[in-house]
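Participant: To start, I am sharing the structure in question, which I have written as structure tokens.
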Amino acid sequence: MSSSVIGTPVTRIDGRLKVTGKAPYAVEHPLANIAHGVPVPSTVGSGRIVRIDSAEAEKMPGVLLVLHHGNIGTLYRPAGSLEQMSRPGESRPPFEDDNVYYYGQYVALVVANTFEQAQDAAYHVHVEYETKKPTVAITEAPAPTGAPAASSHRGDFDAALKQAPVQLDYTYVTPVETHNPMEMHGTIAVWEGDKLTLYESSQGVVNHHNVASQVLDMPLEDINVISLFVGSGFGDKLFPWPHSWMTALAAKKVGRPVKVAVPRSLMFTAVGHRPAIRQRVQMGATQDGKLVALRNDILQHTSLIDPYVENCVEGTSMLYSCPNLSAEQQLVPLNVGTPTPMRGPGRTPALFAIESAMDEMALKLNMDPLEFRLKNYAEQDESSGRPWSSKHLREAYQTGAERFGWSKRDPKVGSMRKGDLILGWGMATCTWPASRHACEVRVRLMADGTARASCATQDIGTGTYTVFAEVVSDKTGIPVDKVHVALGDSSLPPGPTSGGSSATSTVLPAIVEATEQAIDAVLKAATQTSGSPFSNTDPKTLKMTGGQIHAGDKSPDSGVPFQEILVARRLSALDGRAKTDVTPEQKKYALHSFGAHFCEVTFDPGLQRLHVTRWVSVIDGGRMINEKTAKNQILGGVVMGIGMALLEETIYDPRNGKPINNNFADYMVPVNADIPEMECIFLDYPDPVINQYGARGIGEIGLTGCASAVADATYHATGVRVRELPILVEKIMPKVA
């Protein structure tokens with residue numbers, strides 16, 4: 001009997017398809033007679049469309065349609081927050097009116113026989129605007145009024161701060177970041193009579209399915225959304241965007257399948273971004289390092305269309321023990337597209353501010369930054385008063401410090417050297433909430449000795465296909481390579497969105513129960529099949545181990561392969577189907593993952609060059625289902641964190657709202673030369689509350705805290721505290737040269 005595959009480094013079951021180019025992504029499905037759509041974006045950031053002249057474009061070779069406000073017909077707004085799993089990326093349907101809210105907003109769509117014809121014609125659609133000067137920066141907008149979008153309070157912050165002997169008051173700024181997955185957004189729409197199929201790059205096929213039904217005013221059963229493979233999304237593919245509905249209507253009008261691939265330049269305007277956030281952090285502490293007062297006043301931009309909240313309050317309110325806390329977040333509407341979650345939303349910008357402030361307060365107290373964090377360790381979630389379901393952050397600190405060599409750190413700025421280079425060491429806490437949601441899974445045990453698991457969730461590159469196969473294998477003993485997994489199709493049993501690091505924790509209970517139901521069905525069949533060695537036996541006395549049906553008190557080798565039971569009964573397969581949801585027990589606890597990052601940078605004062613050279617992350621994320629894919633997630637998050645700290649910033653032209661670095665040449669992301677020596681350690685303590693395996697999600701925690709660890713290490717090396725990301729060389733050079 002083989003041992004369990006759970007927790008081992010299993011290679012992705014979909015890996016061969018990807019490396020051989022056989023995995024079909026959204027716009028790669030080979031459909032006959034397909035037409036191509038190219039969007040026409042607005043070239044102003046605020047105003048009104050006076051006239052669209054498409055006559056010249058419509059006469060060009062191969063052009064089939066120019067779709068715009070005047071001929072699109074009726075589209076509806078989705079239910080959004082009024083119904084579960086009905087959330088759009090942008091609530092305004094395309095071409096709803098003649099208003100222009102941001103640069104790059106779709107104003108028309110050209111459809112032609114070829115992509116080249118559509119692209120050429122799109123340049124010949126002439127749009128006349130009545131323009132206004134856009135507002136694209138928080139500092140240029142009026143101060144917000146009204147109730148905060150998010151808040152948390154306990155104790156009396158004002159009184160506590162006045163009495164605190166050591167105080168801090170700084171503002172930390174994270175700029176706009178754009179997701180930029182390698183696979184751009186795209187849709188293929190195909191009509192067969194009144195039935196619509198949408199091939200999408202989606203992190204949530206069920207949500208997309210629901211929103212499509214509402215926007216297009218169609219029955220759910222007449223729509224199918226397919227997203228078999230996703231070339232990453234980092235959050236911008238969580239919710240459907242206007243190009244999907246443009247494509248669907250265009251396909252209906254031309255009577256052919258239509259493909260729309262969002263170009264890289266419009267990935268900066270029309271499919272979300274992480275908003276710019278300004279956080280004023282005030283802290284008060286006693287001389288011996290106990291936090292007594294903490295306040296975070298947060299300003300965050302949103303669009304004029306949607307009130308998107310990147311909740312930084314939650315991270316502020318729960319991470320450290322502090323009796324007097326105030327956190328409030330206000331929204332500032334700007335002439336930009338609607339922001340959307342980007343890996344680690346809320347926690348990532350919040351922790352840049354909070355963890356940077358913790359480092360600065362430690363300096364004021366003349367304490368080691370790690371010692372200061374331990375001094376203010378939260379034994380429970382003080383924002384809710386609930387106990388942690390599982391927390392081993394102290395061990396994460398200790399393990400990381402030992403592996404990194406933190407005890408050798410000289411706290412004096414610029415004191416540590418490696419040849420001609422100055423070393424800087426920094427550390428930060430990371431955290432992410434754990435959750436699970438509703439999910440349905442079907443598992444089928446087949447007469448050919450294989451198994452099939454199906455669910456309308458999706459694999460966005462994180463290894464969900466493999467998780468399904470591992471759990472079915474673990475419960476049945478069927479080898480992983482004999483478990484077929486079907487995902488990414490809205491016609492399958494409904495599953496969760498791949499966001500919030502909750503997909504794995506959500507699907508696990510449903511996979512387990514569905515597999516156990518399928519096993520029970522086979523055991524029952526074994527007792528009711530003529531000629532079976534278990535005929536007329538109580539099914540409760542039987543087990544399935546290693547793919548063998550056997551008596552519970554005997555070795556699996558004494559049994560028979562499960563498929564022999566099915567063949568003897570002339571059955572092709574037996575199914576199990578389960579629906580699971582959050583349990584009442586979970587609501588009694590605060591469910592979070594925790595960890596610690598330790599970062600080393602080198603600074604070359606001669607070249608003014610800063611480089612991240614070494615990194616250790618220790619993660620308390622529950623039980624790891626697949627060590628290999630889990631480690632990939634953490635290390636990928638760290639790479640994104642280095643990009644956030646040193647490189648990434650979307651810059652808008654204040655004259656017209658255009659993102660001026662809307663390409664991979666000018667929007668900087670880390671490349672191989674930027675990546676340090678990295679190590680990831682999992683504590684691997686199962687969470688006893690969240691599911692049978694004790695597994696929490698780890699897709700986002702790796703990014704949280706990274707930027708502050710880099711900023712802290714940069715200060716240690718250079719003596720320059722950068723509170724506004726990214727850490728550009730010009731922010732360091734004048735004070736160090």
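Convention: chains lettered A, B, ... in structure tokens order; per-chain residue numbering from 1; ligands numbered from 1 as shown.
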How close does segment 321-402 of chain A get to segment 431-439 of chain A? List, as JSON lines, each residue of segment 321-402 of chain A within 10 Å, its nearest atom pair and the distance in Å to one decimal, counting only C-alpha atoms.
Facilitator:
```
{"residue": "A:Gly344", "atom": "CA", "partner": "A:Trp432", "partner_atom": "CA", "distance": 7.5}
{"residue": "A:Pro345", "atom": "CA", "partner": "A:Trp432", "partner_atom": "CA", "distance": 9.6}
{"residue": "A:Gly346", "atom": "CA", "partner": "A:Trp432", "partner_atom": "CA", "distance": 9.7}
{"residue": "A:Arg347", "atom": "CA", "partner": "A:Trp432", "partner_atom": "CA", "distance": 7.0}
{"residue": "A:Thr348", "atom": "CA", "partner": "A:Thr431", "partner_atom": "CA", "distance": 8.9}
{"residue": "A:Leu351", "atom": "CA", "partner": "A:Thr431", "partner_atom": "CA", "distance": 8.7}
{"residue": "A:Ser389", "atom": "CA", "partner": "A:Ala434", "partner_atom": "CA", "distance": 9.8}
{"residue": "A:Leu393", "atom": "CA", "partner": "A:Thr431", "partner_atom": "CA", "distance": 9.6}
```
Participant: Quick one: residues within 10 Å of Leu109 of chain A, only C-alpha atoms, excluding same-chain residues fewer than 5 positions away - as a count of residues only?
Facilitator: 22
Participant: Using only C-alpha atoms, which of A:Glu140, A:Asp557, A:Asp712, A:Glu379 sits nearest His597 of chain A?
Facilitator: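 Under the stated criterion, the closest residue is A:Asp712.
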Participant: Atom CA of Ala293 of chain A to atom CA of Ala160 of chain A: how many Å, to one decimal?
Facilitator: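 One can read the atom CA of Ala293 of chain A to atom CA of Ala160 of chain A distance as 5.7 Å.
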Participant: Might you pull out every residue within 9 Å of Val467 of chain A, with only C-alpha atoms counted and same-chain residues fewer than 6 positions away left off, and present them as a PyMOL selection string?
Facilitator: chain A and resi 6+12+504+508+625-626
Participant: Write out, as a PDB file, in the first residue's frame, the residues just selected, with C-alpha atoms.
Facilitator:
```pdb
ATOM      1  CA  ILE A   6      -0.590  14.793   0.962  1.00  0.00           C
ATOM      2  CA  ARG A  12       1.484  19.404 -11.356  1.00  0.00           C
ATOM      3  CA  THR A 504      -7.935  25.171  -1.508  1.00  0.00           C
ATOM      4  CA  LEU A 508     -10.984  20.276   0.317  1.00  0.00           C
ATOM      5  CA  ILE A 625      -1.212  19.843   0.684  1.00  0.00           C
ATOM      6  CA  ASN A 626       1.528  20.041  -1.953  1.00  0.00           C
TER       7      ASN A 626
END
```
Participant: Considering only C-alpha atoms, return as a list in words whatever protein or nucleic-acid residues lie within 6 Å of Ala518 of chain A, sequence-local ones (same chain, fewer than 3 positions apart) excluded.
Facilitator: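 The filter keeps Thr515, Ala521, Asp575 and Gly576 of chain A.
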Participant: Using only C-alpha atoms, I'd like a table of the residues in segment 375-475 of chain A that come within 6 Å of segment 586-590 of chain A; for each, show the closest atom pair and its distance in Å rounded to one decimal, ordered by chain and ascending number, as a tab-separated table.
Facilitator:
```
residue	atom	partner	partner_atom	distance
A:Arg386	CA	A:Tyr589	CA	5.3
A:Pro387	CA	A:Tyr589	CA	5.4
A:Trp388	CA	A:Ala590	CA	4.7
A:Ser389	CA	A:Tyr589	CA	5.4
```
Participant: What's the 10 Å shell around segment 668-677 of chain A, counting only C-alpha atoms, without same-chain residues fewer than 6 positions away, as a PyMOL selection string?
Facilitator: chain A and resi 180+599-601+611-616+635+638-644+646-650+661
Participant: Near Leu423 of chain A, counting only C-alpha atoms, which residues have an atom at most 8 Å away, once you skip same-chain residues fewer than 6 positions from it, shown as a ChimeraX atom specification?
Facilitator: /A:414-417,600-603,716-717
Participant: Can you tell me which residues surround Asp481 of chain A at a distance of at most 10 Å, considering only C-alpha atoms, apart from same-chain residues fewer than 6 positions away, and format the answer as a tab-separated table (two decimals) with all heavy atoms, in the first residue's frame?
Facilitator:
```tsv
chain	number	residue	atom	x	y	z
A	13	ILE	N	-0.22	17.96	-12.30
A	13	ILE	CA	-0.74	17.00	-13.27
A	13	ILE	C	-0.99	17.67	-14.62
A	13	ILE	O	-1.07	17.00	-15.65
A	13	ILE	CB	-2.02	16.32	-12.77
A	13	ILE	CG1	-3.16	17.33	-12.59
A	13	ILE	CG2	-1.76	15.57	-11.46
A	13	ILE	CD1	-4.50	16.68	-12.28
A	450	THR	N	-9.87	4.11	-12.89
A	450	THR	CA	-9.52	5.51	-12.72
A	450	THR	C	-10.60	6.22	-11.92
A	450	THR	O	-11.63	5.65	-11.58
A	450	THR	CB	-9.34	6.21	-14.08
A	450	THR	OG1	-10.61	6.23	-14.77
A	450	THR	CG2	-8.32	5.49	-14.93
A	451	ALA	N	-10.35	7.49	-11.64
A	451	ALA	CA	-11.33	8.32	-10.95
A	451	ALA	C	-11.44	9.65	-11.67
A	451	ALA	O	-10.51	10.07	-12.39
A	451	ALA	CB	-10.93	8.54	-9.49
A	466	THR	N	-4.02	19.73	-9.34
A	466	THR	CA	-3.22	18.74	-8.63
A	466	THR	C	-3.75	18.49	-7.22
A	466	THR	O	-3.73	17.36	-6.73
A	466	THR	CB	-1.75	19.19	-8.60
A	466	THR	OG1	-1.34	19.55	-9.92
A	466	THR	CG2	-0.84	18.10	-8.08
A	469	ALA	N	-6.55	16.02	-7.46
A	469	ALA	CA	-6.05	14.67	-7.70
A	469	ALA	C	-5.41	14.08	-6.45
A	469	ALA	O	-5.59	12.89	-6.15
A	469	ALA	CB	-5.06	14.69	-8.85
A	470	GLU	N	-4.68	14.91	-5.70
A	470	GLU	CA	-4.02	14.41	-4.49
A	470	GLU	C	-5.03	13.95	-3.45
A	470	GLU	O	-4.83	12.91	-2.79
A	470	GLU	CB	-3.14	15.51	-3.90
A	470	GLU	CG	-1.84	15.76	-4.63
A	470	GLU	CD	-0.98	16.76	-3.89
A	470	GLU	OE1	-0.26	16.35	-2.97
A	470	GLU	OE2	-1.05	17.96	-4.23
A	473	SER	N	-6.72	10.76	-4.52
A	473	SER	CA	-5.74	9.69	-4.38
A	473	SER	C	-5.54	9.31	-2.91
A	473	SER	O	-5.46	8.13	-2.57
A	473	SER	CB	-4.40	10.13	-4.99
A	473	SER	OG	-3.40	9.17	-4.76
```
Participant: I'd like to know which residues of segment 97-240 of chain A are helix (DSSP H, G or I) (by DSSP, run on the backbone); could you write them as a ChimeraX atom specification?
Facilitator: /A:115-122,138-140,157-163,205-216,220-222
Participant: Using Å and a single decimal, report how far atom CA of Gly7 of chain A sits from atom CA of Gln692 of chain A.
Facilitator: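 Distance reported for this atom pair: 13.8 Å.
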Participant: Between A:Val127, A:Ala456, A:Met184, A:Val480, which is the closest to His208 of chain A once you count only C-alpha atoms?
Facilitator: A:Ala456
Participant: Pick from A:Asn376, A:Pro144, A:Ala357, A:Val63: nearest to Glu116 of chain A, with only C-alpha atoms counted?
Facilitator: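 Ranked by minimum distance to Glu116 of chain A, first place goes to A:Val63.
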Participant: Could you state the separation of atom CA of Lys579 of chain A and atom CA of Pro479 of chain A in Å, given to one decimal place?
Facilitator: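 Between atom CA of Lys579 of chain A and atom CA of Pro479 of chain A the gap works out to 24.7 Å.
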Participant: Select, from A:Pro148, A:Pro142, A:Pro496, A:Pro307, the residue with the minimum atom-to-atom distance to Gln329 of chain A, counting only C-alpha atoms.
Facilitator: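 Looking only at the distances to Gln329 of chain A, the closest residue turns out to be A:Pro148.
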Participant: Running DSSP on the backbone, which parts of segment 113-337 of chain A land in strand (DSSP E or B), as JSON, numbers by chain?
Facilitator: {"A": [126, 127, 128, 129, 130, 131, 150, 151, 152, 153, 154, 166, 167, 168, 169, 170, 171, 172, 173, 174, 177, 186, 187, 188, 189, 190, 191, 192, 195, 196, 197, 198, 199, 200, 223, 224, 225, 226, 258, 259, 260, 261, 274, 277, 278, 279, 280, 281, 282, 283, 284, 285, 291, 292, 293, 294, 295, 296, 297, 298, 299, 300, 301, 302, 303, 320, 325, 326, 327, 328, 329, 330, 331, 332, 333, 334]}
